[in-house]
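A.B. asks: I'm passing along work_35.pdb; it holds PDB, C-alpha atoms.
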ATOM      1  CA  THR A 670     -38.618 213.865 -27.392
ATOM      2  CA  PHE A 671     -35.490 211.718 -27.161
ATOM      3  CA  MET A 672     -36.413 210.301 -23.745
ATOM      4  CA  LYS A 673     -39.996 209.701 -24.815
ATOM      5  CA  LYS A 674     -38.766 207.661 -27.754
ATOM      6  CA  TYR A 675     -35.764 205.872 -26.245
ATOM      7  CA  GLY A 676     -36.169 206.297 -22.476
ATOM      8  CA  ILE A 677     -37.532 202.809 -21.817
ATOM      9  CA  PHE A 678     -34.602 201.242 -23.724
ATOM     10  CA  ILE A 679     -32.126 203.313 -21.693
ATOM     11  CA  ILE A 680     -33.803 202.112 -18.490
ATOM     12  CA  LEU A 681     -33.431 198.502 -19.640
ATOM     13  CA  LEU A 682     -29.727 199.055 -20.356
ATOM     14  CA  MET A 683     -29.246 200.636 -16.914
ATOM     15  CA  MET A 684     -30.972 197.661 -15.255
ATOM     16  CA  ILE A 685     -28.815 195.205 -17.176
ATOM     17  CA  GLY A 686     -25.659 197.171 -16.327
ATOM     18  CA  PHE A 687     -26.509 197.244 -12.638
ATOM     19  CA  MET A 688     -27.261 193.505 -12.568
ATOM     20  CA  CYS A 689     -24.030 192.682 -14.427
ATOM     21  CA  VAL A 690     -22.049 194.516 -11.739
ATOM     22  CA  ALA A 691     -24.087 193.173  -8.825
ATOM     23  CA  SER A 692     -23.999 189.544  -9.980
ATOM     24  CA  PRO A 693     -21.345 188.035 -12.252
ATOM     25  CA  THR A 694     -23.719 185.135 -12.938
ATOM     26  CA  PHE A 695     -26.194 187.508 -14.548
ATOM     27  CA  ARG A 696     -23.902 188.284 -17.501
ATOM     28  CA  THR A 697     -23.327 184.656 -18.465
ATOM     29  CA  GLY A 698     -24.757 183.358 -21.725
ATOM     30  CA  GLY A 699     -26.672 180.635 -19.915
ATOM     31  CA  ASN A 700     -28.482 183.194 -17.771
ATOM     32  CA  VAL A 701     -29.444 185.290 -20.811
ATOM     33  CA  ILE A 702     -30.902 182.194 -22.470
ATOM     34  CA  SER A 703     -32.703 181.343 -19.227
ATOM     35  CA  ILE A 704     -34.293 184.814 -18.993
ATOM     36  CA  LEU A 705     -35.456 184.720 -22.610
ATOM     37  CA  GLN A 706     -36.876 181.241 -22.125
ATOM     38  CA  GLN A 707     -38.755 182.317 -19.011
ATOM     39  CA  VAL A 708     -40.358 185.329 -20.735
ATOM     40  CA  SER A 709     -41.286 183.452 -23.927
ATOM     41  CA  VAL A 710     -44.854 182.708 -22.780
ATOM     42  CA  ASN A 711     -45.485 186.224 -21.470
ATOM     43  CA  GLY A 712     -43.804 187.651 -24.561
ATOM     44  CA  VAL A 713     -46.123 185.872 -26.969
ATOM     45  CA  LEU A 714     -49.132 186.971 -24.904
ATOM     46  CA  ALA A 715     -47.915 190.582 -24.885
ATOM     47  CA  LEU A 716     -47.484 190.498 -28.677
ATOM     48  CA  GLY A 717     -51.179 189.717 -28.919
ATOM     49  CA  MET A 718     -52.299 192.070 -26.167
ATOM     50  CA  VAL A 719     -50.593 195.071 -27.803
ATOM     51  CA  PHE A 720     -53.002 194.812 -30.753
ATOM     52  CA  VAL A 721     -56.040 194.723 -28.467
ATOM     53  CA  ILE A 722     -54.945 197.655 -26.298
ATOM     54  CA  CYS A 723     -53.835 199.719 -29.300
ATOM     55  CA  ALA A 724     -57.297 199.216 -30.800
ATOM     56  CA  GLY A 725     -58.873 200.578 -27.614
ATOM     57  CA  GLY A 726     -59.707 197.309 -25.836
ATOM     58  CA  ILE A 727     -58.355 194.906 -23.229
ATOM     59  CA  ASP A 728     -58.522 191.133 -22.842
ATOM     60  CA  LEU A 729     -58.662 189.530 -19.397
ATOM     61  CA  SER A 730     -59.535 186.068 -20.702
ATOM     62  CA  ILE A 731     -56.098 185.046 -22.005
ATOM     63  CA  GLY A 732     -55.134 183.220 -18.805
ATOM     64  CA  SER A 733     -58.195 181.017 -19.229
ATOM     65  CA  MET A 734     -57.286 180.525 -22.907
ATOM     66  CA  LEU A 735     -53.933 179.141 -21.753
ATOM     67  CA  ALA A 736     -55.770 176.604 -19.602
ATOM     68  CA  LEU A 737     -58.202 175.696 -22.393
ATOM     69  CA  THR A 738     -55.294 175.244 -24.811
ATOM     70  CA  SER A 739     -53.639 172.887 -22.346
ATOM     71  CA  VAL A 740     -56.832 170.852 -21.971
ATOM     72  CA  VAL A 741     -57.515 170.679 -25.717
ATOM     73  CA  ILE A 742     -53.951 169.550 -26.373
ATOM     74  CA  GLY A 743     -54.172 166.872 -23.688
ATOM     75  CA  GLU A 744     -57.478 165.483 -24.958
ATOM     76  CA  THR A 745     -56.371 165.547 -28.600
ATOM     77  CA  LEU A 746     -53.069 163.806 -27.900
ATOM     78  CA  LYS A 747     -54.878 161.205 -25.825
ATOM     79  CA  ARG A 748     -57.203 160.373 -28.709
ATOM     80  CA  SER A 749     -54.997 160.768 -31.795
ATOM     81  CA  ASP A 750     -51.407 161.263 -30.555
ATOM     82  CA  SER A 751     -51.017 163.795 -33.380
ATOM     83  CA  MET A 752     -48.975 166.807 -32.251
ATOM     84  CA  TRP A 753     -49.980 168.975 -35.224
ATOM     85  CA  ALA A 754     -53.672 168.158 -34.849
ATOM     86  CA  ALA A 755     -53.481 169.160 -31.167
ATOM     87  CA  ILE A 756     -51.730 172.455 -31.947
ATOM     88  CA  LEU A 757     -54.051 173.363 -34.824
ATOM     89  CA  LEU A 758     -57.211 172.529 -32.866
ATOM     90  CA  SER A 759     -56.087 174.574 -29.849
ATOM     91  CA  ILE A 760     -55.356 177.588 -32.090
ATOM     92  CA  LEU A 761     -58.770 177.307 -33.753
ATOM     93  CA  VAL A 762     -60.564 177.035 -30.399
ATOM     94  CA  CYS A 763     -58.828 180.089 -28.912
ATOM     95  CA  ALA A 764     -59.292 182.058 -32.143
ATOM     96  CA  PHE A 765     -63.018 181.249 -31.920
ATOM     97  CA  PHE A 766     -63.265 182.610 -28.375
ATOM     98  CA  GLY A 767     -61.296 185.647 -29.498
ATOM     99  CA  LEU A 768     -63.889 186.105 -32.237
ATOM    100  CA  VAL A 769     -66.665 185.854 -29.630
ATOM    101  CA  ASN A 770     -64.970 188.529 -27.520
ATOM    102  CA  GLY A 771     -64.521 190.774 -30.537
ATOM    103  CA  VAL A 772     -68.095 190.440 -31.774
ATOM    104  CA  LEU A 773     -69.618 191.088 -28.345
ATOM    105  CA  ILE A 774     -67.458 194.185 -27.865
ATOM    106  CA  SER A 775     -67.554 195.605 -31.395
ATOM    107  CA  ARG A 776     -71.097 194.766 -32.480
ATOM    108  CA  PHE A 777     -72.906 195.479 -29.219
ATOM    109  CA  ASN A 778     -70.554 198.224 -27.971
ATOM    110  CA  LEU A 779     -69.974 196.479 -24.631
ATOM    111  CA  PHE A 780     -67.110 197.313 -22.300
ATOM    112  CA  PRO A 781     -64.063 195.092 -23.068
ATOM    113  CA  PHE A 782     -63.235 194.788 -19.365
ATOM    114  CA  VAL A 783     -66.679 193.402 -18.514
ATOM    115  CA  VAL A 784     -66.968 191.122 -21.562
ATOM    116  CA  THR A 785     -63.544 189.509 -21.185
ATOM    117  CA  LEU A 786     -63.967 189.196 -17.419
ATOM    118  CA  ALA A 787     -67.126 187.175 -18.100
ATOM    119  CA  THR A 788     -65.619 185.067 -20.886
ATOM    120  CA  GLN A 789     -62.633 184.442 -18.624
ATOM    121  CA  LEU A 790     -64.918 182.451 -16.329
ATOM    122  CA  VAL A 791     -66.757 180.787 -19.224
ATOM    123  CA  ILE A 792     -63.570 179.654 -20.998
ATOM    124  CA  ARG A 793     -62.012 178.236 -17.838
ATOM    125  CA  GLY A 794     -65.292 176.500 -17.080
ATOM    126  CA  VAL A 795     -65.236 174.881 -20.514
ATOM    127  CA  GLY A 796     -61.714 173.668 -19.783
ATOM    128  CA  TYR A 797     -62.824 172.091 -16.504
ATOM    129  CA  ILE A 798     -65.783 170.406 -18.218
ATOM    130  CA  ILE A 799     -63.634 168.928 -20.997
ATOM    131  CA  SER A 800     -60.925 167.692 -18.617
ATOM    132  CA  ASP A 801     -63.283 166.765 -15.779
ATOM    133  CA  GLY A 802     -60.930 168.772 -13.579
ATOM    134  CA  ARG A 803     -58.109 166.241 -13.991
ATOM    135  CA  THR A 804     -54.432 166.753 -14.790
ATOM    136  CA  VAL A 805     -53.107 164.485 -17.539
ATOM    137  CA  THR A 806     -49.413 163.766 -18.065
ATOM    138  CA  LEU A 807     -48.385 163.972 -21.729
ATOM    139  CA  THR A 808     -46.359 161.181 -23.310
ATOM    140  CA  ASN A 809     -45.792 162.591 -26.820
ATOM    141  CA  LYS A 810     -42.015 163.151 -27.062
ATOM    142  CA  SER A 811     -42.276 165.372 -30.164
ATOM    143  CA  PHE A 812     -44.652 167.742 -28.395
ATOM    144  CA  ARG A 813     -42.394 167.853 -25.347
ATOM    145  CA  ARG A 814     -39.530 169.175 -27.482
ATOM    146  CA  ILE A 815     -41.490 172.366 -28.307
ATOM    147  CA  GLY A 816     -40.992 173.790 -24.830
ATOM    148  CA  LEU A 817     -37.971 171.815 -23.649
ATOM    149  CA  GLY A 818     -35.982 171.177 -26.834
ATOM    150  CA  LYS A 819     -33.266 173.365 -28.373
ATOM    151  CA  PHE A 820     -32.647 174.479 -31.931
ATOM    152  CA  ALA A 821     -29.200 173.278 -33.074
ATOM    153  CA  GLY A 822     -28.652 172.209 -29.462
ATOM    154  CA  VAL A 823     -28.128 175.828 -28.348
ATOM    155  CA  VAL A 824     -31.205 178.087 -28.539
ATOM    156  CA  PRO A 825     -34.418 176.827 -26.873
ATOM    157  CA  ASN A 826     -37.319 176.308 -29.272
ATOM    158  CA  SER A 827     -39.537 178.570 -27.163
ATOM    159  CA  ILE A 828     -37.227 181.528 -27.946
ATOM    160  CA  ILE A 829     -37.381 180.721 -31.668
ATOM    161  CA  ILE A 830     -41.181 180.705 -31.459
ATOM    162  CA  LEU A 831     -41.156 184.056 -29.617
ATOM    163  CA  ILE A 832     -38.941 185.595 -32.303
ATOM    164  CA  GLY A 833     -41.192 184.197 -35.050
ATOM    165  CA  VAL A 834     -44.343 185.617 -33.471
ATOM    166  CA  ALA A 835     -42.579 188.960 -32.942
ATOM    167  CA  VAL A 836     -41.652 189.157 -36.637
ATOM    168  CA  VAL A 837     -45.229 188.392 -37.703
ATOM    169  CA  ALA A 838     -46.621 190.906 -35.187
ATOM    170  CA  TYR A 839     -44.201 193.589 -36.393
ATOM    171  CA  ILE A 840     -45.209 193.072 -40.014
ATOM    172  CA  LEU A 841     -48.918 193.102 -39.143
ATOM    173  CA  LEU A 842     -48.820 196.235 -36.982
ATOM    174  CA  HIS A 843     -46.269 198.334 -38.840
ATOM    175  CA  TRP A 844     -46.365 197.240 -42.475
ATOM    176  CA  THR A 845     -49.977 196.301 -43.279
ATOM    177  CA  LYS A 846     -53.305 198.040 -43.781
ATOM    178  CA  PHE A 847     -54.662 196.087 -40.813
ATOM    179  CA  GLY A 848     -52.001 197.640 -38.570
ATOM    180  CA  ARG A 849     -52.785 201.162 -39.770
ATOM    181  CA  TYR A 850     -56.462 200.503 -39.104
ATOM    182  CA  ILE A 851     -55.587 199.360 -35.569
ATOM    183  CA  TYR A 852     -53.897 202.704 -34.885
ATOM    184  CA  ALA A 853     -56.767 204.625 -36.473
ATOM    185  CA  VAL A 854     -59.523 202.819 -34.554
ATOM    186  CA  GLY A 855     -57.631 203.096 -31.270
ATOM    187  CA  GLY A 856     -56.930 206.789 -31.792
ATOM    188  CA  ASN A 857     -60.463 207.832 -32.736
ATOM    189  CA  ILE A 858     -62.932 205.196 -33.837
ATOM    190  CA  ASN A 859     -65.532 207.729 -35.005
ATOM    191  CA  ALA A 860     -63.048 209.561 -37.219
ATOM    192  CA  ALA A 861     -61.702 206.248 -38.505
ATOM    193  CA  THR A 862     -65.197 205.011 -39.391
ATOM    194  CA  ALA A 863     -65.979 208.294 -41.140
ATOM    195  CA  SER A 864     -62.769 207.797 -43.162
ATOM    196  CA  GLY A 865     -63.909 204.398 -44.386
ATOM    197  CA  VAL A 866     -62.169 202.158 -41.837
ATOM    198  CA  LYS A 867     -64.228 199.103 -40.871
ATOM    199  CA  GLY A 868     -64.086 199.508 -37.122
ATOM    200  CA  PHE A 869     -66.079 196.355 -36.389
ATOM    201  CA  TRP A 870     -63.741 193.977 -38.216
ATOM    202  CA  THR A 871     -60.600 195.793 -37.088
ATOM    203  CA  ARG A 872     -61.426 195.501 -33.396
ATOM    204  CA  THR A 873     -62.790 191.971 -33.825
ATOM    205  CA  MET A 874     -59.665 190.723 -35.620
ATOM    206  CA  SER A 875     -57.466 192.217 -32.907
ATOM    207  CA  PHE A 876     -59.169 189.852 -30.431
ATOM    208  CA  VAL A 877     -58.849 186.948 -32.877
ATOM    209  CA  TRP A 878     -55.105 187.616 -33.123
ATOM    210  CA  MET A 879     -55.003 187.724 -29.324
ATOM    211  CA  GLY A 880     -56.646 184.298 -29.247
ATOM    212  CA  VAL A 881     -54.072 182.902 -31.676
ATOM    213  CA  CYS A 882     -51.206 184.278 -29.566
ATOM    214  CA  ALA A 883     -52.795 182.873 -26.388
ATOM    215  CA  ALA A 884     -52.971 179.437 -28.020
ATOM    216  CA  ILE A 885     -49.312 179.594 -29.097
ATOM    217  CA  ALA A 886     -48.305 180.646 -25.574
ATOM    218  CA  GLY A 887     -50.439 177.810 -24.199
ATOM    219  CA  VAL A 888     -48.653 175.322 -26.438
ATOM    220  CA  ILE A 889     -45.263 176.475 -25.098
ATOM    221  CA  LEU A 890     -46.419 176.389 -21.473
ATOM    222  CA  THR A 891     -48.113 172.983 -21.773
ATOM    223  CA  SER A 892     -45.062 171.513 -23.461
ATOM    224  CA  ARG A 893     -42.792 172.929 -20.781
ATOM    225  CA  ILE A 894     -44.746 171.454 -17.862
ATOM    226  CA  ASN A 895     -45.439 168.293 -19.926
ATOM    227  CA  ALA A 896     -48.977 168.044 -18.603
ATOM    228  CA  SER A 897     -52.521 169.087 -19.484
ATOM    229  CA  GLN A 898     -53.870 171.181 -16.595
ATOM    230  CA  PRO A 899     -57.173 173.114 -16.459
ATOM    231  CA  ASN A 900     -55.935 175.393 -13.658
ATOM    232  CA  ILE A 901     -52.880 177.011 -15.284
ATOM    233  CA  GLY A 902     -52.660 180.579 -16.607
ATOM    234  CA  LEU A 903     -53.778 182.434 -13.476
ATOM    235  CA  GLY A 904     -52.472 186.014 -13.497
ATOM    236  CA  TYR A 905     -50.815 185.829 -16.904
ATOM    237  CA  GLU A 906     -53.063 188.549 -18.280
ATOM    238  CA  THR A 907     -51.695 191.104 -15.814
ATOM    239  CA  ASP A 908     -48.096 190.382 -16.812
ATOM    240  CA  ALA A 909     -48.952 190.732 -20.500
ATOM    241  CA  ILE A 910     -50.758 194.030 -19.922
ATOM    242  CA  ALA A 911     -47.887 195.316 -17.759
ATOM    243  CA  ALA A 912     -45.316 194.453 -20.434
ATOM    244  CA  CYS A 913     -47.321 196.359 -23.059
ATOM    245  CA  VAL A 914     -47.778 199.446 -20.881
ATOM    246  CA  ILE A 915     -44.125 199.475 -19.780
ATOM    247  CA  GLY A 916     -43.209 199.280 -23.461
ATOM    248  CA  GLY A 917     -45.120 202.473 -24.245
ATOM    249  CA  THR A 918     -48.561 201.191 -25.259
ATOM    250  CA  SER A 919     -51.264 203.690 -24.286
ATOM    251  CA  PHE A 920     -54.385 202.503 -22.470
ATOM    252  CA  ALA A 921     -56.241 205.201 -24.392
ATOM    253  CA  GLY A 922     -55.427 203.391 -27.645
ATOM    254  CA  GLY A 923     -53.717 204.430 -30.839
ATOM    255  CA  VAL A 924     -50.151 204.330 -29.473
ATOM    256  CA  ALA A 925     -48.014 201.170 -29.515
ATOM    257  CA  THR A 926     -44.927 199.572 -31.053
ATOM    258  CA  ILE A 927     -43.735 195.975 -31.245
ATOM    259  CA  PRO A 928     -40.098 196.837 -30.304
ATOM    260  CA  GLY A 929     -41.402 198.753 -27.279
ATOM    261  CA  THR A 930     -43.497 195.755 -26.243
ATOM    262  CA  LEU A 931     -40.477 193.449 -26.495
ATOM    263  CA  ILE A 932     -38.472 195.865 -24.325
ATOM    264  CA  GLY A 933     -41.326 195.800 -21.801
ATOM    265  CA  VAL A 934     -41.210 191.999 -21.809
ATOM    266  CA  ALA A 935     -37.430 192.077 -21.316
ATOM    267  CA  ILE A 936     -37.755 194.489 -18.373
ATOM    268  CA  MET A 937     -40.300 192.185 -16.743
ATOM    269  CA  GLY A 938     -37.907 189.261 -17.226
ATOM    270  CA  VAL A 939     -34.949 191.137 -15.758
ATOM    271  CA  ILE A 940     -37.040 192.194 -12.740
ATOM    272  CA  TYR A 941     -38.141 188.613 -12.111
TER     273      TYR A 941
END
Output the file's structure as structure tokens, nothing else.

C.D. replies:
Amino acid sequence: TFMKKYGIFIILLMMIGFMCVASPTFRTGGNVISILQQVSVNGVLALGMVFVICAGGIDLSIGSMLALTSVVIGETLKRSDSMWAAILLSILVCAFFGLVNGVLISRFNLFPFVVTLATQLVIRGVGYIISDGRTVTLTNKSFRRIGLGKFAGVVPNSIIILIGVAVVAYILLHWTKFGRYIYAVGGNINAATASGVKGFWTRTMSFVWMGVCAAIAGVILTSRINASQPNIGLGYETDAIAACVIGGTSFAGGVATIPGTLIGVAIMGVIY
């Protein structure tokens, strides 16, 4: 029971201990900040994916949502130069596609793998149509500071965003009725429905939350590369899924924790 609960954390500590001995550079503060900054995008994605998997689904379209976020931000900044308008619009667009995924899966009882594999192609296609397949360099200095700036000149803003999303995700999954419904639906959707849980809205909102997290991750990534690109985000869904599973999330649904997911993200970062 002890190893099942704390084994993954012990493995992380062993990996860190080995790396500290093998490489003195690894234990420097600058390297720790660098690792956390590198995993910030994957971390935010994993904090959305854990809701979807815990509810008994999976989302393969998040890499395309990253690309669409980048394109929407680029087009919005080109027309209005408003950083907040670009961020808000990208979140709304990805939340909409998350809603589409959720409705198709929950209402029509379609396989999440098939649905999100299809919408993956659709969403990336929309990004190519909007951008005409072109890469656009961003000139908004305020937006650039999201991914490249530092809070108080020490901690990168991307790490602050990751911590903020983690706090919200922890509250949602562990302290709210929505989180309890996620566990119930993922564990046994028929029993949950018979108990009065609204399975349709629970599963649908898990995909909406995934869309919001994908947009936030897309904002960080776009700001970091300082360009709007319709071809980014390839393979990011596999890293997010791997981080969740390493952190103890069950593919069968109904089993997941936010701290475990963060440990999974950290292990991925240490490995890289």

A.B. asks: Compile the contact shell of A:Leu681 as a VMD selection string: residues with an atom at most 7 Å away, counting all atoms listed in the file, same-chain residues fewer than 4 positions apart removed.

C.D. replies: chain A and resid 677 685 936

A.B. asks: Name the residues that the PyMOL selection byres ((chain A and resi 915) around 9) picks from the file above, as a PyMOL selection string, using the file's chain letters and numbers.

C.D. replies: chain A and resi 677+910-914+916-918+929-930+932-934+936-937

A.B. asks: So which residues touch stretch 883-897 of chain A within 6 Å, counting only C-alpha atoms, skipping near sequence neighbours fewer than 4 positions away, as a list in words?

C.D. replies: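 Everything that qualifies: Val710, Val713, Leu714, Ile731, Leu735, Thr738, Ser739, Val740, Gly743, Ile760, Cys763, Thr804, Val805, Thr806, Leu807, Arg813, Gly816 and Leu817 of chain A.
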
A.B. asks: Step by step, work through what the PyMOL selection byres ((chain A and resi 764-770) around 10) selects in the shown file, and finish by giving those residues as JSON, numbers by chain.

C.D. replies: {"A": [728, 730, 731, 734, 758, 759, 760, 761, 762, 763, 771, 772, 773, 774, 775, 779, 781, 784, 785, 787, 788, 789, 791, 792, 870, 872, 873, 874, 875, 876, 877, 878, 879, 880, 881, 882, 883, 884]}

A.B. asks: For A:Leu746, find every residue with an atom within 9 Å (counting all atoms listed in the file), except residues of its own chain fewer than 5 positions away, and show them as a list in words.

C.D. replies: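 Near A:Leu746, the qualifying residues are Val741, Ser751, Met752, Ala754, Ala755, Leu807, Thr808 and Asn809 of chain A.
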
A.B. asks: With only C-alpha atoms as the counted atoms, please give the residues lying no more than 12 Å from A:Val939, apart from itself and same-chain residues fewer than 4 positions off, as a ChimeraX atom specification.

C.D. replies: /A:680-689,695-696,700-708,912,932-935
